[in-house]
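Structure below is entry10.tsv: TSV, C-alpha atoms and all ligand atoms.
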chain	number	residue	atom	x	y	z
V	1	MET	CA	40.17	125.08	38.97
V	2	HIS	CA	40.14	121.98	36.79
V	3	TRP	CA	41.65	118.49	36.84
V	4	GLN	CA	43.11	116.76	33.82
V	5	LYS	CA	43.63	112.99	33.60
V	6	ASP	CA	46.99	111.89	32.13
V	7	ALA	CA	46.83	108.12	32.60
V	8	GLN	CA	44.68	105.35	34.02
V	9	CYS	CA	45.64	101.90	35.30
V	10	GLY	CA	42.60	99.87	36.36
V	11	GLN	CA	40.53	102.26	38.50
V	12	ALA	CA	43.62	104.31	39.46
V	13	ARG	CA	44.17	107.68	37.74
V	14	ALA	CA	47.22	109.92	37.32
V	15	GLY	CA	46.55	113.56	36.51
V	16	TRP	CA	47.11	117.23	37.27
V	17	LEU	CA	45.07	119.61	39.44
V	18	HIS	CA	45.35	123.11	37.90
V	19	THR	CA	44.51	125.96	40.30
V	20	ARG	CA	44.91	129.71	40.82
V	21	HIS	CA	47.87	128.94	43.10
V	22	GLY	CA	49.67	126.45	40.85
V	23	SER	CA	49.33	122.91	39.51
V	24	VAL	CA	49.69	119.70	41.53
V	25	PRO	CA	50.21	116.15	40.24
V	26	THR	CA	47.64	113.60	41.46
V	27	PRO	CA	47.34	111.27	43.25
V	28	THR	CA	48.42	113.71	45.95
V	29	PHE	CA	48.79	113.60	49.73
V	30	MET	CA	47.95	116.90	51.42
V	31	PRO	CA	49.85	117.64	54.66
V	32	VAL	CA	47.63	119.06	57.37
V	33	GLY	CA	48.37	122.63	58.34
V	34	THR	CA	46.43	122.80	61.57
V	35	VAL	CA	46.46	126.40	62.80
V	36	GLY	CA	48.23	127.94	59.84
V	37	THR	CA	51.27	125.77	60.25
V	38	VAL	CA	52.28	122.21	59.56
V	39	LYS	CA	53.32	121.70	63.16
V	40	GLY	CA	57.04	122.01	63.75
V	41	ILE	CA	58.30	122.60	60.21
V	42	THR	CA	58.57	125.61	57.90
V	43	MET	CA	56.59	125.71	54.69
V	44	ASP	CA	59.89	125.75	52.73
V	45	ASN	CA	60.56	122.34	54.24
V	46	VAL	CA	57.01	121.20	53.51
V	47	ARG	CA	57.68	122.18	49.88
V	48	ALA	CA	61.03	120.36	49.99
V	49	THR	CA	59.28	117.12	50.96
V	50	GLY	CA	57.46	117.36	47.62
V	51	ALA	CA	54.04	118.47	48.91
V	52	GLY	CA	52.03	120.50	46.40
V	53	ILE	CA	48.85	121.35	48.30
V	54	VAL	CA	48.23	121.67	52.05
V	55	LEU	CA	45.18	121.78	54.29
V	56	GLY	CA	44.14	124.81	56.29
V	57	ASN	CA	41.89	124.43	59.30
V	58	THR	CA	38.61	126.38	59.25
V	59	TYR	CA	37.53	125.26	62.73
V	60	HIS	CA	40.71	126.42	64.48
V	61	LEU	CA	41.31	129.55	62.40
V	62	MET	CA	37.77	130.87	62.88
V	63	LEU	CA	38.35	130.73	66.64
V	64	ARG	CA	41.91	132.11	66.54
V	65	PRO	CA	43.00	134.47	65.02
V	66	THR	CA	39.49	134.64	63.33
V	67	ALA	CA	38.91	134.57	59.56
V	68	GLU	CA	38.52	138.37	59.55
V	69	ARG	CA	42.04	138.84	60.92
V	70	VAL	CA	43.48	136.32	58.45
V	71	GLN	CA	41.74	138.27	55.68
V	72	ARG	CA	43.20	141.55	56.99
V	73	LEU	CA	46.62	139.86	57.04
V	74	GLY	CA	46.24	139.10	53.33
V	75	GLY	CA	44.81	135.58	53.53
V	76	LEU	CA	46.27	132.24	54.59
V	77	HIS	CA	48.75	132.00	51.71
V	78	ARG	CA	50.53	135.19	52.66
V	79	MET	CA	50.21	134.63	56.42
V	80	MET	CA	51.78	131.14	56.36
V	81	ASP	CA	54.15	131.83	53.44
V	82	TRP	CA	52.67	129.10	51.28
V	83	PRO	CA	52.15	130.26	47.65
V	84	GLY	CA	50.71	126.87	46.58
V	85	PRO	CA	47.08	125.74	46.72
V	86	ILE	CA	45.34	125.40	50.09
V	87	LEU	CA	42.26	123.26	50.71
V	88	THR	CA	40.20	124.09	53.79
V	89	ASP	CA	37.69	121.71	55.35
V	90	SER	CA	34.30	123.17	56.24
V	91	GLY	CA	34.67	122.73	60.00
V	92	GLY	CA	31.68	120.52	60.74
V	93	PHE	CA	33.71	117.36	61.24
V	94	GLN	CA	35.93	119.06	63.78
V	95	VAL	CA	33.11	120.69	65.68
V	96	MET	CA	31.57	117.23	66.11
V	97	SER	CA	34.87	115.60	67.07
V	98	LEU	CA	36.60	118.44	68.94
V	99	GLY	CA	34.02	120.94	70.17
V	100	PRO	CA	33.24	120.32	73.85
V	101	LEU	CA	29.62	121.48	73.73
V	102	ARG	CA	27.72	121.59	70.51
V	103	LYS	CA	24.11	121.59	69.32
V	104	MET	CA	23.10	120.73	65.77
V	105	ASP	CA	19.86	121.76	64.07
V	106	GLU	CA	18.58	122.10	60.51
V	107	ASP	CA	20.24	125.48	60.14
V	108	GLY	CA	23.74	124.56	61.37
V	109	VAL	CA	25.83	123.87	64.47
V	110	THR	CA	26.25	125.94	67.63
V	111	PHE	CA	29.33	125.16	69.71
V	112	ARG	CA	31.64	126.49	72.37
V	113	SER	CA	35.25	127.31	71.60
V	114	HIS	CA	37.70	124.78	73.09
V	115	ILE	CA	39.99	127.81	73.59
V	116	ASP	CA	37.91	130.24	75.68
V	117	GLY	CA	34.42	128.74	75.90
V	118	SER	CA	32.87	131.49	73.74
V	119	SER	CA	29.81	130.49	71.70
V	120	HIS	CA	30.09	130.14	67.89
V	121	ARG	CA	27.85	129.08	65.04
V	122	LEU	CA	28.68	127.30	61.79
V	123	THR	CA	26.17	127.12	58.97
V	124	PRO	CA	26.67	126.29	55.27
V	125	GLU	CA	26.73	130.04	54.60
V	126	SER	CA	29.08	131.04	57.43
V	127	SER	CA	31.48	128.14	56.74
V	128	THR	CA	31.65	129.08	53.04
V	129	ASP	CA	32.20	132.74	53.96
V	130	ILE	CA	34.99	131.86	56.42
V	131	GLN	CA	36.75	129.77	53.77
V	132	TYR	CA	36.43	132.72	51.36
V	133	LYS	CA	38.03	135.04	53.92
V	134	LEU	CA	40.86	132.53	54.35
V	135	ASP	CA	41.26	132.70	50.55
V	136	ALA	CA	41.09	128.89	50.31
V	137	THR	CA	41.92	127.62	46.82
V	138	ILE	CA	39.53	124.70	47.35
V	139	THR	CA	36.50	125.17	49.62
V	140	MET	CA	34.61	122.22	51.13
V	141	ALA	CA	30.82	122.12	51.41
V	142	PHE	CA	29.47	122.24	54.96
V	143	ASP	CA	28.36	118.74	55.89
V	144	GLU	CA	27.69	116.39	58.78
V	145	CYS	CA	29.89	113.33	59.21
V	146	PRO	CA	27.80	110.82	61.17
V	147	ALA	CA	29.57	108.69	63.78
V	148	LEU	CA	29.57	104.96	62.97
V	149	PRO	CA	27.98	102.59	63.80
V	150	ALA	CA	24.66	104.24	63.00
V	151	THR	CA	21.22	102.92	62.02
V	152	LYS	CA	20.26	103.20	58.37
V	153	ASP	CA	17.50	105.66	59.29
V	154	ALA	CA	20.02	107.88	61.11
V	155	LEU	CA	22.44	107.68	58.15
V	156	GLU	CA	19.63	108.54	55.73
V	157	ALA	CA	18.47	111.56	57.74
V	158	SER	CA	22.05	112.79	58.17
V	159	MET	CA	22.89	112.33	54.49
V	160	GLU	CA	19.73	114.17	53.39
V	161	ARG	CA	20.58	117.09	55.71
V	162	SER	CA	24.12	117.19	54.31
V	163	MET	CA	22.69	117.35	50.79
V	164	ARG	CA	20.46	120.31	51.76
V	165	TRP	CA	23.57	121.89	53.29
V	166	ALA	CA	25.56	121.18	50.11
V	167	ALA	CA	23.02	123.15	48.06
V	168	ARG	CA	23.21	126.07	50.52
V	169	SER	CA	27.03	125.88	50.51
V	170	ARG	CA	27.06	126.02	46.69
V	171	GLU	CA	24.64	128.98	46.75
V	172	ALA	CA	26.98	130.86	49.13
V	173	PHE	CA	30.15	130.02	47.15
V	174	ILE	CA	31.77	132.90	45.21
V	175	ALA	CA	33.07	131.37	41.96
V	176	ARG	CA	36.46	132.67	40.80
V	177	PRO	CA	38.82	131.42	38.04
V	178	GLY	CA	41.29	128.90	39.47
V	179	TYR	CA	39.28	128.36	42.67
V	180	GLY	CA	36.83	125.53	43.35
V	181	GLN	CA	34.37	124.00	45.77
V	182	PHE	CA	33.94	120.26	46.46
V	183	GLY	CA	30.74	118.51	47.46
V	184	ILE	CA	31.06	115.73	50.06
V	185	VAL	CA	29.37	112.35	49.48
V	186	GLN	CA	27.79	110.88	52.61
V	187	GLY	CA	25.66	107.80	53.31
V	188	GLY	CA	27.87	105.71	55.61
V	189	THR	CA	28.39	102.18	54.27
V	190	GLU	CA	24.93	101.96	52.61
V	191	GLN	CA	25.17	101.68	48.82
V	192	ASP	CA	21.73	103.13	48.08
V	193	LEU	CA	22.35	106.14	50.34
V	194	ARG	CA	25.78	106.73	48.75
V	195	GLU	CA	24.12	106.57	45.31
V	196	ARG	CA	21.47	109.13	46.27
V	197	SER	CA	24.11	111.40	47.78
V	198	ALA	CA	26.40	111.25	44.73
V	199	LEU	CA	23.51	111.98	42.38
V	200	ALA	CA	22.29	114.88	44.53
V	201	LEU	CA	25.75	116.46	44.51
V	202	ARG	CA	26.21	115.97	40.74
V	203	LYS	CA	22.85	117.72	40.20
V	204	ILE	CA	24.14	120.72	42.17
V	205	GLY	CA	27.48	120.58	40.33
V	206	PHE	CA	30.89	121.08	41.95
V	207	GLU	CA	34.52	121.32	40.76
V	208	GLY	CA	35.37	118.11	42.61
V	209	TYR	CA	33.84	115.52	44.92
V	210	ALA	CA	34.99	114.32	48.34
V	211	ILE	CA	34.06	111.00	49.88
V	212	GLY	CA	33.23	111.76	53.51
V	213	GLY	CA	31.79	109.67	56.31
V	214	LEU	CA	34.67	107.19	56.20
V	215	ALA	CA	37.85	106.67	58.25
V	216	VAL	CA	35.63	106.93	61.32
V	217	GLY	CA	36.36	103.47	62.71
V	218	GLU	CA	34.65	101.30	60.07
V	219	GLY	CA	37.93	99.51	59.28
V	220	GLN	CA	39.84	99.19	56.01
V	221	GLU	CA	37.75	96.39	54.52
V	222	LEU	CA	34.45	98.26	54.90
V	223	MET	CA	36.12	101.49	53.71
V	224	PHE	CA	37.42	99.76	50.57
V	225	SER	CA	34.12	98.02	49.82
V	226	THR	CA	32.33	101.38	50.14
V	227	LEU	CA	34.86	102.93	47.74
V	228	ASP	CA	34.38	100.04	45.27
V	229	TYR	CA	30.82	101.17	44.54
V	230	THR	CA	31.09	104.91	45.39
V	231	THR	CA	33.94	106.21	43.18
V	232	PRO	CA	32.29	104.89	39.96
V	233	MET	CA	29.23	107.04	40.84
V	234	LEU	CA	31.37	110.20	40.56
V	235	PRO	CA	32.30	112.07	37.35
V	236	GLU	CA	35.25	110.46	35.55
V	237	ASP	CA	36.81	113.82	34.67
V	238	GLN	CA	36.80	115.44	38.13
V	239	PRO	CA	39.00	114.83	41.18
V	240	ARG	CA	37.97	112.63	44.11
V	241	TYR	CA	39.17	113.46	47.63
V	242	LEU	CA	38.99	110.73	50.28
V	243	MET	CA	38.83	112.65	53.57
V	244	GLY	CA	41.01	111.77	56.56
V	245	VAL	CA	42.88	108.87	54.95
V	246	GLY	CA	45.27	107.30	55.92
V	247	THR	CA	48.06	104.80	56.38
V	248	PRO	CA	50.35	104.04	53.40
V	249	ASP	CA	48.39	100.81	52.80
V	250	ASP	CA	45.08	102.76	52.93
V	251	LEU	CA	46.42	105.26	50.36
V	252	LEU	CA	47.54	102.51	47.98
V	253	GLY	CA	44.21	100.70	48.16
V	254	ALA	CA	42.18	103.91	47.82
V	255	VAL	CA	44.19	105.09	44.78
V	256	MET	CA	43.54	101.67	43.21
V	257	ARG	CA	39.82	102.32	43.83
V	258	GLY	CA	39.85	105.63	41.97
V	259	CYS	CA	40.69	108.25	44.63
V	260	ASP	CA	43.03	111.14	43.77
V	261	MET	CA	43.48	113.34	46.89
V	262	PHE	CA	44.07	112.52	50.55
V	263	ASP	CA	44.70	114.19	53.90
V	264	CYS	CA	45.66	112.63	57.21
V	265	VAL	CA	47.21	113.85	60.47
V	266	MET	CA	49.04	110.52	60.89
V	267	PRO	CA	52.48	111.24	59.38
V	268	SER	CA	52.80	114.61	61.14
V	269	ARG	CA	51.27	113.40	64.43
V	270	ALA	CA	53.46	110.27	64.34
V	271	GLY	CA	56.48	112.53	63.79
V	272	ARG	CA	55.74	114.14	67.15
V	273	THR	CA	55.50	110.78	68.91
V	274	ALA	CA	58.76	109.22	67.64
V	275	ARG	CA	56.96	106.97	65.13
V	276	ALA	CA	58.82	106.81	61.80
V	277	TYR	CA	57.15	105.75	58.54
V	278	THR	CA	59.43	103.81	56.20
V	279	GLU	CA	59.30	101.48	53.22
V	280	ARG	CA	59.55	98.61	55.71
V	281	GLY	CA	56.68	99.67	58.00
V	282	THR	CA	56.88	101.94	61.04
V	283	LEU	CA	59.61	102.24	63.71
V	284	ASN	CA	59.23	103.47	67.28
V	285	LEU	CA	62.46	105.42	67.61
V	286	ARG	CA	62.11	105.68	71.40
V	287	ASN	CA	62.88	101.96	71.51
V	288	ALA	CA	66.24	101.20	73.15
V	289	ARG	CA	67.28	99.03	70.21
V	290	PHE	CA	67.96	102.23	68.24
V	291	ALA	CA	70.28	103.75	70.87
V	292	GLU	CA	73.41	102.96	68.81
V	293	ASP	CA	71.87	102.28	65.41
V	294	THR	CA	73.94	104.51	63.12
V	295	ARG	CA	71.85	103.76	60.01
V	296	PRO	CA	69.53	106.41	58.51
V	297	ILE	CA	65.83	105.98	59.29
V	298	SER	CA	64.88	104.85	55.76
V	299	PRO	CA	67.17	103.35	53.15
V	300	GLU	CA	65.49	105.42	50.42
V	301	ASP	CA	65.02	108.66	52.34
V	302	ASP	CA	65.08	111.64	49.94
V	303	SER	CA	63.94	114.29	52.43
V	304	PRO	CA	65.98	117.45	53.14
V	305	MET	CA	67.54	115.59	56.08
V	306	ALA	CA	68.38	112.43	54.06
V	307	GLY	CA	71.52	110.69	55.26
V	308	ARG	CA	72.37	113.39	57.79
V	309	TYR	CA	70.87	112.03	60.99
V	310	SER	CA	71.08	108.50	62.35
V	311	ARG	CA	68.39	106.53	64.16
V	312	ALA	CA	70.60	106.80	67.25
V	313	TYR	CA	70.48	110.59	67.06
V	314	LEU	CA	66.68	110.66	66.69
V	315	HIS	CA	66.42	108.16	69.55
V	316	HIS	CA	68.54	110.49	71.70
V	317	LEU	CA	66.50	113.59	70.74
V	318	PHE	CA	63.21	111.93	71.67
V	319	ARG	CA	64.59	110.48	74.92
V	320	ALA	CA	65.90	113.97	75.77
V	321	ASN	CA	62.54	115.47	74.76
V	322	GLU	CA	64.35	117.89	72.43
V	323	MET	CA	62.13	119.85	70.01
V	324	LEU	CA	64.40	118.95	67.08
V	325	GLY	CA	63.18	115.35	67.34
V	326	PRO	CA	59.56	116.01	66.26
V	327	MET	CA	60.76	118.58	63.71
V	328	LEU	CA	63.09	116.14	61.93
V	329	LEU	CA	60.79	113.15	62.15
V	330	THR	CA	57.72	115.08	60.89
V	331	LEU	CA	59.83	116.15	57.92
V	332	HIS	CA	60.94	112.57	57.37
V	333	ASN	CA	57.42	111.12	57.56
V	334	LEU	CA	55.90	113.69	55.21
V	335	ALA	CA	58.74	113.08	52.76
V	336	TYR	CA	58.01	109.36	52.92
V	337	TYR	CA	54.32	109.93	52.15
V	338	GLN	CA	55.27	112.16	49.18
V	339	ARG	CA	57.78	109.59	47.91
V	340	LEU	CA	55.12	106.90	48.16
V	341	MET	CA	52.62	108.99	46.15
V	342	ARG	CA	55.28	109.68	43.48
V	343	GLN	CA	56.03	105.94	43.25
V	344	ILE	CA	52.32	105.10	42.91
V	345	ARG	CA	51.80	107.83	40.28
V	346	ALA	CA	54.80	106.60	38.24
V	347	ALA	CA	53.39	103.05	38.34
V	348	ILE	CA	49.99	104.26	37.08
V	349	VAL	CA	51.68	106.08	34.19
V	350	ALA	CA	53.83	103.01	33.44
V	351	GLY	CA	50.84	100.66	33.73
V	352	THR	CA	52.62	98.57	36.39
V	353	LEU	CA	50.49	99.46	39.43
V	354	GLU	CA	49.48	95.85	40.27
V	355	GLN	CA	53.12	94.75	40.44
V	356	THR	CA	54.25	97.89	42.31
V	357	ALA	CA	51.41	97.41	44.80
V	358	ALA	CA	52.57	93.85	45.49
V	359	GLU	CA	56.17	95.04	46.02
V	360	LEU	CA	55.09	97.85	48.34
V	361	ARG	CA	52.95	95.53	50.46
V	362	GLN	CA	55.78	92.97	50.61
V	363	ASN	CA	58.23	95.60	51.88
V	364	TRP	CA	55.81	97.01	54.46
V	365	ALA	CA	55.38	93.51	55.82
V	366	LYS	CA	59.14	92.87	55.93
V	367	GLY	CA	59.68	95.00	58.99
V	368	ASP	CA	62.94	96.72	59.80
V	369	TRP	CA	65.92	96.29	57.49
L	401	LIG	C1	40.28	110.99	60.13
L	401	LIG	N1	39.08	110.52	59.49
L	401	LIG	C2	38.26	111.42	58.90
L	401	LIG	N2	38.51	112.74	58.77
L	401	LIG	C3	37.42	113.27	58.16
L	401	LIG	C4	37.15	114.60	57.84
L	401	LIG	C5	38.19	115.68	58.13
L	401	LIG	C6	39.29	115.64	57.10
L	401	LIG	N3	40.52	116.29	57.60
L	401	LIG	C7	40.39	117.72	57.86
L	401	LIG	C8	41.64	118.29	58.50
L	401	LIG	C9	41.88	117.71	59.90
L	401	LIG	C10	43.07	118.36	60.58
L	401	LIG	C11	43.03	119.86	60.56
L	401	LIG	C12	42.76	120.44	59.19
L	401	LIG	C13	41.53	119.81	58.55
L	401	LIG	C14	35.89	114.90	57.26
L	401	LIG	N4	35.57	116.19	56.95
L	401	LIG	C15	34.35	116.49	56.46
L	401	LIG	N5	34.02	117.75	56.18
L	401	LIG	N6	33.40	115.51	56.24
L	401	LIG	C16	33.64	114.20	56.48
L	401	LIG	O1	32.77	113.34	56.25
L	401	LIG	C17	34.94	113.85	57.02
L	401	LIG	C18	35.26	112.51	57.33
L	401	LIG	C19	36.50	112.22	57.91
L	401	LIG	N7	37.04	111.07	58.38

Represent the structure contained in this file as C-alpha cells.
Ligand SMILES: CNc1nc2c(CCNCC3CCCCC3)c3nc(N)[nH]c(=O)c3cc2[nH]1
Amino acid sequence: MHWQKDAQCGQARAGWLHTRHGSVPTPTFMPVGTVGTVKGITMDNVRATGAGIVLGNTYHLMLRPTAERVQRLGGLHRMMDWPGPILTDSGGFQVMSLGPLRKMDEDGVTFRSHIDGSSHRLTPESSTDIQYKLDATITMAFDECPALPATKDALEASMERSMRWAARSREAFIARPGYGQFGIVQGGTEQDLRERSALALRKIGFEGYAIGGLAVGEGQELMFSTLDYTTPMLPEDQPRYLMGVGTPDDLLGAVMRGCDMFDCVMPSRAGRTARAYTERGTLNLRNARFAEDTRPISPEDDSPMAGRYSRAYLHHLFRANEMLGPMLLTLHNLAYYQRLMRQIRAAIVAGTLEQTAAELRQNWAKGDW
C-alpha cells in the first residue's frame, strides 16, 4: 500500500491511503471492530457513517473463533462483510491490558484466555502470522506498550525490546501488493528514546509508522508535547497512526501535529452508555432533562438516522434498556467522528485549519444548544 499527500497546512497533512481493499482519505478515524463487528451496527451502516477503514482485533479473534477458522471462512473481510481496508493491531497491548495472567520474556508473551483460561503465546512471528491469516490489509508490528509512569531505564529496556521485536515482525511479514506493515515507535515521553526508536524503525523500513506508548494516562499536554518532537522524526511521505486516540479535541490537536490515522473505542463505547458526541460537546442522554426534548441529538447530524429520532426517544430507549438505544447512538457518534475528520481535512486543503480549529474548540466549549 502507499500514501500520497495532497495538501499540508502547518504540520497537518491531507492525503490518500491507497490499499488492496480500496483508497481512504486521510486524516482518517478508524472505528474499532472488536470481535469482527463494530458492536451493535452493521458494516453497511459503518460505511454510511463515512468510515473508510476499520480495526480488527487480533487478541480476541485468535482466541475465538481462532485465526485458522477466520482464514477457512475466507478472511475477515468476507466474514464481516467489509470490503474496505482492515487494520489489525498486533495483540500485545491487549494482552497486557486485558489478559488476566500473562508472562513476558524476550521471545514473546504467554497468557491465559479471558474466555476459557486456556494458555496462549504471542510472539512477533505468531502475531504476524495471525494477522496474515486474518487477511489484514495493514499489519502492526508486535510491540510492548509500557505502562506509565515508568522509569527511564524501564522505558529504554522496553523500547529496545520492541525494536528487536519490530525486526522479527518485519522478517515474518509476507509482502503483497496493496498490503502493508507499520512499525510502532515507543520510548514513552523521553525524546532521546523516541528518536532512537524512530531511527531503528526507519532502518528496518515499513509502509507506515505508528506512534505507540501514548494515551495510557499521560494526559493531553504530555501526549501533544511528545508528538511535537516525534512526528518530525518520521518519513514525510508515509502515514502516521496515533494509536488509541481519542476525544475530538485530541484528534484535532494530533492532526495539527502531523498525525494521519486514529483509532479509539470511545465513540462506540460511549454509544453503548448513552453518551452522545456532538459539535457542542457530549450529552448524557439518560439525563431527565432530555425526557421531552424533541430536538435531534446534533444540529448538523448527517448520519443515516439524521433527523429521524429525537433526544426524548433516545432518552426513553436508554431508560427502558432497549437494544436500539446503543445501536442508534453508536451510529450517531461514529458519524460525528467522521464528520469531524471531513471538516478537518477540508480545512487543511483550504489552508484554514487554524481558524477552523478555533471554531471547533469554541463550539465544544459552548455546551448544549
Ligand atoms: C487507548 N490507548 C491506547 N491504545 C493503544 C494501543 C491499542 C490501539 N487500539 C487497538 C484496538 C483496541 C480495540 C480492539 C481492536 C484493537 C496500542 N497498541 C499497540 N500495539 N502498541 C501501543 O503502544 C498502543 C498504545 C495504545 N494506547

Quiz item: Given the choices V:Ala215, V:Ala67, V:Ala150, V:Met104, which gets closest to ligand LIG 401 (chain L) if the distance is worked out from all atoms listed in the file?
Solution: V:Ala215

Quiz prompt | Within 10 Å of Pro232 in chain V using all atoms listed in the file, minus same-chain residues under 3 positions, as number ranges by chain | solution = V: 11, 195, 198, 227-229, 235-236, 257-258

I need the residues from that last selection saved to file as an mmCIF file, in the frame of the given file (with C-alpha atoms), if you can.
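selection.cif was written with the following content:
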data_model
loop_
_atom_site.group_PDB
_atom_site.id
_atom_site.type_symbol
_atom_site.label_atom_id
_atom_site.label_comp_id
_atom_site.auth_asym_id
_atom_site.auth_seq_id
_atom_site.Cartn_x
_atom_site.Cartn_y
_atom_site.Cartn_z
ATOM 1 C CA GLN V 11 40.530 102.260 38.500
ATOM 2 C CA GLU V 195 24.120 106.570 45.310
ATOM 3 C CA ALA V 198 26.400 111.250 44.730
ATOM 4 C CA LEU V 227 34.860 102.930 47.740
ATOM 5 C CA ASP V 228 34.380 100.040 45.270
ATOM 6 C CA TYR V 229 30.820 101.170 44.540
ATOM 7 C CA PRO V 235 32.300 112.070 37.350
ATOM 8 C CA GLU V 236 35.250 110.460 35.550
ATOM 9 C CA ARG V 257 39.820 102.320 43.830
ATOM 10 C CA GLY V 258 39.850 105.630 41.970
#

Practice problem: Would you mind listing the residues within 6 Å of ligand LIG 401 (chain L), counting all atoms listed in the file, as a list of chain:residue names? | Solution: V:Val32, V:Thr34, V:Leu55, V:Gly56, V:Asn57, V:Asp89, V:Ser90, V:Gly92, V:Phe93, V:Asp143, V:Cys145, V:Gly212, V:Gly213, V:Leu214, V:Ala215, V:Val216, V:Met243, V:Gly244, V:Asp263

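Across the structure, CA of Pro124 in chain V and CA of Arg164 in chain V are spaced 9.3 Å apart.
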
Self-check item: Residue contacts of Leu63 in chain V (10 Å, all atoms listed in the file) excluding same-chain residues fewer than 4 positions away, as number ranges by chain
Solution: V: 35, 58-59, 67, 112-116, 118-120

Please dump the current selection as a PDB file, in the frame of the given file; keep C-alpha atoms.
ATOM      1  CA  VAL V  35      46.460 126.400  62.800  1.00  0.00           C
ATOM      2  CA  THR V  58      38.610 126.380  59.250  1.00  0.00           C
ATOM      3  CA  TYR V  59      37.530 125.260  62.730  1.00  0.00           C
ATOM      4  CA  ALA V  67      38.910 134.570  59.560  1.00  0.00           C
ATOM      5  CA  ARG V 112      31.640 126.490  72.370  1.00  0.00           C
ATOM      6  CA  SER V 113      35.250 127.310  71.600  1.00  0.00           C
ATOM      7  CA  HIS V 114      37.700 124.780  73.090  1.00  0.00           C
ATOM      8  CA  ILE V 115      39.990 127.810  73.590  1.00  0.00           C
ATOM      9  CA  ASP V 116      37.910 130.240  75.680  1.00  0.00           C
ATOM     10  CA  SER V 118      32.870 131.490  73.740  1.00  0.00           C
ATOM     11  CA  SER V 119      29.810 130.490  71.700  1.00  0.00           C
ATOM     12  CA  HIS V 120      30.090 130.140  67.890  1.00  0.00           C
TER      13      HIS V 120
END

Sel. within 10 Å of pt (52.8, 118.5, 44.2), counting all atoms listed in the file, output as a PDB file with C-alpha atoms, in the frame of the given file:
ATOM      1  CA  TRP V  16      47.110 117.230  37.270  1.00  0.00           C
ATOM      2  CA  LEU V  17      45.070 119.610  39.440  1.00  0.00           C
ATOM      3  CA  GLY V  22      49.670 126.450  40.850  1.00  0.00           C
ATOM      4  CA  SER V  23      49.330 122.910  39.510  1.00  0.00           C
ATOM      5  CA  VAL V  24      49.690 119.700  41.530  1.00  0.00           C
ATOM      6  CA  PRO V  25      50.210 116.150  40.240  1.00  0.00           C
ATOM      7  CA  THR V  26      47.640 113.600  41.460  1.00  0.00           C
ATOM      8  CA  PRO V  27      47.340 111.270  43.250  1.00  0.00           C
ATOM      9  CA  THR V  28      48.420 113.710  45.950  1.00  0.00           C
ATOM     10  CA  PHE V  29      48.790 113.600  49.730  1.00  0.00           C
ATOM     11  CA  MET V  30      47.950 116.900  51.420  1.00  0.00           C
ATOM     12  CA  ARG V  47      57.680 122.180  49.880  1.00  0.00           C
ATOM     13  CA  THR V  49      59.280 117.120  50.960  1.00  0.00           C
ATOM     14  CA  GLY V  50      57.460 117.360  47.620  1.00  0.00           C
ATOM     15  CA  ALA V  51      54.040 118.470  48.910  1.00  0.00           C
ATOM     16  CA  GLY V  52      52.030 120.500  46.400  1.00  0.00           C
ATOM     17  CA  ILE V  53      48.850 121.350  48.300  1.00  0.00           C
ATOM     18  CA  VAL V  54      48.230 121.670  52.050  1.00  0.00           C
ATOM     19  CA  GLY V  84      50.710 126.870  46.580  1.00  0.00           C
ATOM     20  CA  PRO V  85      47.080 125.740  46.720  1.00  0.00           C
ATOM     21  CA  GLN V 338      55.270 112.160  49.180  1.00  0.00           C
ATOM     22  CA  MET V 341      52.620 108.990  46.150  1.00  0.00           C
ATOM     23  CA  ARG V 342      55.280 109.680  43.480  1.00  0.00           C
TER      24      ARG V 342
END

Long-range neighbours of range 323-329 of chain V as a compact mmCIF listing (two decimals) with C-alpha atoms, in the frame of the given file, 6 Å cut-off, all atoms listed in the file, 6 positions minimum in chain:
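Wrote around.txt, looks like this:
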# COMPACT_ATOMS: atom_id res chain seq x y z
CA GLY V 40 57.04 122.01 63.75
CA ILE V 41 58.30 122.60 60.21
CA GLY V 271 56.48 112.53 63.79
CA ARG V 272 55.74 114.14 67.15
CA LEU V 314 66.68 110.66 66.69
CA LEU V 317 66.50 113.59 70.74

Quiz item: Which value, in Å to one decimal, gives the distance between CA of Arg240 in chain V and CA of Asp6 in chain V?
Solution: 15.0 Å

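Taking CA of Phe142 in chain V and CA of Met223 in chain V as the two end points, the separation is 21.8 Å.
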
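Using all atoms listed in the file, the shortest contact distance between Arg170 in chain V and any of V:Ser158, V:Thr66, V:Gln220, V:Thr139 is found at V:Thr139.
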
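Nearest to Val349 in chain V of all the residues V:Asn287, V:Arg295, V:Met1, V:Gln8 is V:Gln8, based on only C-alpha atoms.
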
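The closest residue to Leu334 in chain V, picked from V:Leu73, V:Ala291, V:Met305, V:Leu285 and counting all atoms listed in the file, is V:Met305.
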
Self-check item: Closest of V:Ala172, V:Ile138, V:Ile184, V:Val255 to His18 in chain V - atom-to-atom distances counting all atoms listed in the file
Solution: V:Ile138

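Minimum distance to Asp302 in chain V across V:Phe290, V:Trp3, V:Tyr241, V:Tyr337 (counting all atoms listed in the file) occurs at V:Tyr337.
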
Quiz item: So which residues touch Tyr336 in chain V within 9 Å, counting all atoms listed in the file, skipping near sequence neighbours fewer than 2 positions away, as number ranges by chain?
Solution: V: 49, 267, 277-279, 298, 300-303, 331-334, 338-341

Quiz item: Counting all atoms listed in the file, what is within 8 Å of Gly246 in chain V, bar same-chain residues fewer than 2 positions away, as a ChimeraX atom specification?
Solution: /V:215,244,248-251,262-264,266

Need the axis-aligned box for range 175-188 of chain V with 4 Å each side, so what are the centre and edges in Å to one decimal, as AutoDock Vina command-line options?
--center_x 33.5 --center_y 119.2 --center_z 46.8 --size_x 23.6 --size_y 35.0 --size_z 25.6
